[in-house]
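Enquirer: If you scroll down you'll find the structure; I have some questions about it.
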Amino acid sequence: MNNSEIVNRFHGLVVLYLLGGWILESQRKYLVFILPGVQFQFLINNNMCILTQLEKELLIREKKEEEKEIKYDSFTEKKLKEYNINLSSKTIGYIVNGAIYGSFLMSYY
């Protein structure tokens with residue numbers, strides 16, 4: 001397993017926790033503080049997650065060793081394409097931001 005695959009799987013677990021952690025009452029108090037930090041990180045980082053950037057950098061290094069060209073999609077884009085769902089980047093941004101806000105509200109409630 002490549003380093004980029006490890007980061008991708010960890011990224012998936014983080015997303016599941018951020019979006020569904022509010023189901024566990026004990027996690028709500030943590031999410032109320034973590035989610036605004038994640039949203040702020042998106043705002044100051046051109047709407048891109050730091051884990052996505054890390055995965056992209058690792059993927060570029062791995063492909064450079066193999067001397068292959070790389071076309072990289074965001075984490076969410078890649079997951080949606082696995083299910084043959086094609087949306088514009090702007091729509092994906094709305095979905096991601098809406099999901100983060102929704103999870104925050106569920107945690108806060």
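All residue names refer to the structure tokens as shown: chains lettered A, B, ... in order, residues numbered from 1 in each chain, ligands numbered from 1 in order.
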What's around Ile92 of chain A at 12 Å? Count only C-alpha atoms, leave out sequence neighbours fewer than 2 positions away in its own chain, and write the answer as a list in words.

Expert: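 The residues that qualify are Asn47, Met48, Asp73, Ser74, Phe75, Thr76, Glu77, Lys78, Lys79, Leu80, Lys81, Ile85, Asn86, Leu87, Ser88, Ser89, Lys90, Tyr94, Ile95, Val96, Asn97, Gly98 and Ala99 of chain A.
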
Enquirer: Could I get the residues of segment 49-68 of chain A with an atom no further than 10 Å from an atom of segment 7-12 of chain A, each paired with its nearest atom pair and that distance in Å to one decimal, using only C-alpha atoms, sorted by chain and residue number, as CSV?

Expert:
residue,atom,partner,partner_atom,distance
A:Cys49,CA,A:His11,CA,9.6
A:Ile50,CA,A:His11,CA,9.8
A:Leu51,CA,A:His11,CA,6.4
A:Thr52,CA,A:His11,CA,7.9
A:Leu54,CA,A:Val7,CA,7.6
A:Glu55,CA,A:Val7,CA,5.9
A:Lys56,CA,A:Asn8,CA,9.6
A:Leu58,CA,A:Val7,CA,8.8

Enquirer: Write the residues of the preceding selection, restricted to N, CA, C and O atoms, as a compact mmCIF listing (two decimals), in the first residue's frame.

Expert:
# COMPACT_ATOMS: atom_id res chain seq x y z
N CYS A 49 -8.83 20.85 1.39
CA CYS A 49 -8.45 20.22 2.65
C CYS A 49 -6.95 19.95 2.68
O CYS A 49 -6.35 19.60 1.66
N ILE A 50 -6.36 20.08 3.84
CA ILE A 50 -4.93 19.85 3.98
C ILE A 50 -4.59 18.37 3.72
O ILE A 50 -3.53 18.06 3.18
N LEU A 51 -5.50 17.46 4.05
CA LEU A 51 -5.26 16.04 3.77
C LEU A 51 -5.30 15.78 2.26
O LEU A 51 -4.56 14.94 1.76
N THR A 52 -6.14 16.50 1.54
CA THR A 52 -6.18 16.38 0.09
C THR A 52 -4.86 16.85 -0.50
O THR A 52 -4.32 16.21 -1.41
N LEU A 54 -1.93 16.88 1.01
CA LEU A 54 -0.90 15.90 1.36
C LEU A 54 -0.98 14.69 0.45
O LEU A 54 0.03 14.21 -0.07
N GLU A 55 -2.19 14.20 0.22
CA GLU A 55 -2.37 13.04 -0.65
C GLU A 55 -1.91 13.36 -2.08
O GLU A 55 -1.25 12.54 -2.72
N LYS A 56 -2.24 14.54 -2.55
CA LYS A 56 -1.83 14.94 -3.90
C LYS A 56 -0.30 14.99 -4.01
O LYS A 56 0.28 14.48 -4.98
N LEU A 58 1.94 13.37 -2.18
CA LEU A 58 2.46 12.01 -2.14
C LEU A 58 2.22 11.28 -3.46
O LEU A 58 3.09 10.54 -3.94

Enquirer: So how many Å separate atom CA of Ile100 of chain A and atom CA of Glu25 of chain A, to one decimal?

Expert: 17.4 Å

Enquirer: Expressed in Å to a single decimal, how great is the separation between atom CA of Ile60 of chain A and atom CA of Asn3 of chain A?

Expert: 11.2 Å

Enquirer: For Ser107 of chain A, list every protein, DNA or RNA residue within 12 Å, evaluated using only C-alpha atoms, and leave out those in the same chain fewer than 6 positions away; present the list as JSON, numbers by chain.

Expert: {"A": [17, 18, 19, 20, 21, 22, 23, 24, 25, 26, 27, 28, 29, 30, 31, 32, 33, 34, 35, 36, 100, 101]}

Enquirer: Give me, please, the distance in Å between atom CA of Tyr72 of chain A and atom CA of Val15 of chain A, quoted to one decimal.

Expert: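 Separation of atom CA of Tyr72 of chain A and atom CA of Val15 of chain A: 18.9 Å.
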
Enquirer: Which of chain A counts as alpha helix (DSSP H) under DSSP, as number ranges by chain please?

Expert: A: 3-20, 25-44, 50-66, 75-82, 89-108
